[in-house]
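Take a look at the structure below.
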Amino acid sequence: MTDLQNPIFNDLDKAREALEAARWPNGPYCPHCGNADEDLIAKVEGKKQSHRPGLYYCNECKGTFTVTVGTVFERSKVPLTKWWLATHLLASSKKGISSHQLHRMLGVTYKTAWFMSHRIREAMKEANPTPMGGEGKIIEADETYYGKLETPRIRNKYLPPPTKKGKGGGAHKRAIFGLVERGGVVRTFLIPRASSKAVRDVMVKHVSRKSILHTDESRIYSALGKEFVAHKTINHSRGEYVRDGVHTNTVENLWSVFKRGMHGIYQHCGEAHMHRYLAEFEFRHNNRAALKISDRERTGKIMEGIEGKRLTYRRTSEAAYQ
């Protein structure tokens with residue numbers, strides 16, 4: 001049986017049972033009060049005509065709930081079978097899948113497909129990230145630019161204008177910063193601008209100072225590198241890309257996949273939503289096939305991350321620099 005023949009994609013009961021197994025591996029608990037005592041939680045499905053399938057009752061707080069309460073699926077009118085299929089498609093597409101494609105494949109409106117994809121991306125975000133690196137570990141750091149700022153920064157009139165394509169053109173583009181633990185995970189951040197201060201603010205929160213830092217020759221890392229055990233640079237302007245194991249190729253490979261996906265699949269992304277697209281590509285890189293993680297396992301990991309990330313339509317329009 002192929003993944004797309006899985007009954008969770010066409011049987012509502014199977015879809016609900018699969019979601020309950022992913023969210024409640026040790027049995028159901030009340031999302032309202034946190035009660036996990038199986039003697040105080042009763043399944044009331046079918047006891048009354050008004051009781052919908054999968055309904056539970058908590059004798060502790062006297063409230064009812066289903067498996068979707070307190071998750072990104074809460075109060076959604078879209079059947080769980082379509083949520084499972086949309087999640088599987090986003091998880092198994094290396095460069096993503098557009099909302100227009102989801103709209104055609106799922107048989108929902110484009111607006112619904114767009115909102116579903118953003119909820120799934122929210123579930124892809126790592127809930128409690130731990131510090132990267134450590135003693136003897138290598139951290140690659142690099143910045144890139146993608147898309148135009150909706151409110152471009154004013155360029156310093158005393159600086160000469162950019163003369164070549166790609167040279168000095170970052171003033172009107174969105175700055176993105178990436179970190180890779182060699183042999184470990186990658187994390188990406190949408191930052192206000194690629195400056196020493198913005199980069200250091202991220203590094204302080206996410207990277208152990210016992211790590212070895214690998215960067216390119218950019219001056220924004222000069223002072224920051226002194227805070228680490230060692231700081232090794234590679235000079236791209238001279239055509240140097242690897243020297244005795246020093247490189248930033250891992251994080252640059254991530255930028256390559258990200259930009260090809262954004263150009264070829266999504267084509268346009270508003271500044272307010274960029275952090276969720278970054279979370280999508282970050283998740284797929286950290287759970288890629290090269291690590292022996294299958295499409296089904298990747299989908300299951302997304303479903304494990306749906307809890308506590310309620311996303312309303314209004315919140316999808318909020319700009320959030322992470």
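Ligands are numbered from 1 in the order shown, chains are lettered A, B, ... in the order of the structure tokens, and residues start at 1 in each chain.
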
Apply DSSP to the structure's backbone, then extract all residues of stretch 115-320 of chain A labelled strand (DSSP E) and return them as a PyMOL selection string. chain A and resi 138-148+173-181+186-191+212-216+230-234

With C-alpha atoms retained, could you export that selection as an mmCIF file, in the first residue's frame?
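Heads up, here's the output in again.cif:
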data_model
loop_
_atom_site.group_PDB
_atom_site.id
_atom_site.type_symbol
_atom_site.label_atom_id
_atom_site.label_comp_id
_atom_site.auth_asym_id
_atom_site.auth_seq_id
_atom_site.Cartn_x
_atom_site.Cartn_y
_atom_site.Cartn_z
ATOM 1 C CA ILE A 138 31.027 23.290 14.386
ATOM 2 C CA ILE A 139 28.411 25.952 13.688
ATOM 3 C CA GLU A 140 28.037 27.373 10.184
ATOM 4 C CA ALA A 141 26.513 30.858 9.985
ATOM 5 C CA ASP A 142 25.484 32.749 6.882
ATOM 6 C CA GLU A 143 23.053 35.462 5.794
ATOM 7 C CA THR A 144 21.114 35.811 2.580
ATOM 8 C CA TYR A 145 18.483 38.081 1.052
ATOM 9 C CA TYR A 146 15.162 37.234 -0.547
ATOM 10 C CA GLY A 147 12.259 39.344 -1.786
ATOM 11 C CA LYS A 148 11.744 43.080 -1.606
ATOM 12 C CA LYS A 173 15.564 43.075 0.402
ATOM 13 C CA ARG A 174 14.508 40.928 3.341
ATOM 14 C CA ALA A 175 17.455 39.740 5.400
ATOM 15 C CA ILE A 176 17.502 36.077 6.462
ATOM 16 C CA PHE A 177 20.045 34.543 8.836
ATOM 17 C CA GLY A 178 20.814 30.832 9.033
ATOM 18 C CA LEU A 179 22.657 28.569 11.477
ATOM 19 C CA VAL A 180 23.701 24.960 10.912
ATOM 20 C CA GLU A 181 25.211 22.598 13.431
ATOM 21 C CA VAL A 186 19.505 23.970 10.886
ATOM 22 C CA ARG A 187 17.632 27.073 12.094
ATOM 23 C CA THR A 188 16.593 30.144 10.147
ATOM 24 C CA PHE A 189 15.602 33.635 11.260
ATOM 25 C CA LEU A 190 13.991 36.594 9.545
ATOM 26 C CA ILE A 191 15.919 39.593 10.904
ATOM 27 C CA ILE A 212 33.673 26.519 16.603
ATOM 28 C CA LEU A 213 32.212 29.149 14.278
ATOM 29 C CA HIS A 214 32.565 28.910 10.479
ATOM 30 C CA THR A 215 31.533 31.937 8.385
ATOM 31 C CA ASP A 216 32.431 33.742 5.191
ATOM 32 C CA ALA A 230 37.484 29.523 17.464
ATOM 33 C CA HIS A 231 36.311 31.485 14.435
ATOM 34 C CA LYS A 232 37.355 30.253 11.002
ATOM 35 C CA THR A 233 36.456 32.054 7.783
ATOM 36 C CA ILE A 234 36.351 31.187 4.102
#

DSSP on the backbone, helix (DSSP H, G or I) only: what residues of stretch 72-238 of chain A does that give? Format it as a PyMOL selection string. chain A and resi 80-92+99-106+110-124+170-172+196-206+219-225+236-238

Selection: 8 Å around stretch 307-311 of chain A, only C-alpha atoms, excl. self and same-chain fewer than 3 positions, as a PyMOL selection string: chain A and resi 23+70-74+119+122-123+304+315-316

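In terms of minimum interatomic distance to A:Val185, A:Asn287 ranks closest within A:Gly96, A:Phe228, A:Asn287, A:Asp201, counting only C-alpha atoms.
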
Using only C-alpha atoms, pick whichever of A:Ser76, A:His88, A:His275, A:Arg182 has the shortest atom-to-atom distance to A:Asp3.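 Smallest separation from A:Asp3 among the options: A:His88.
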
Tell me which of A:Asn128, A:Asn6, A:Ser208, A:Thr248 sits closest to A:Thr81, counting only C-alpha atoms.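 Checking each of A:Asn128, A:Asn6, A:Ser208, A:Thr248 against A:Thr81, counting only C-alpha atoms, the winner is A:Asn6.
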
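Taking only C-alpha atoms into account, A:Cys269 lies nearest to A:Leu149 out of the set A:Leu55, A:Ala198, A:Ala91, A:Leu149.
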
Can you tell me which residues surround A:Pro53 at a distance of at most 10 Å, considering only C-alpha atoms, apart from same-chain residues fewer than 4 positions away, and format the answer as a ChimeraX atom specification? /A:12-13,16,43-46,66

Atom CA of A:Thr68 and atom CA of A:Glu297 are how many Å apart?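 Taking atom CA of A:Thr68 as the start and atom CA of A:Glu297 as the end point, the length is 20.2 Å.
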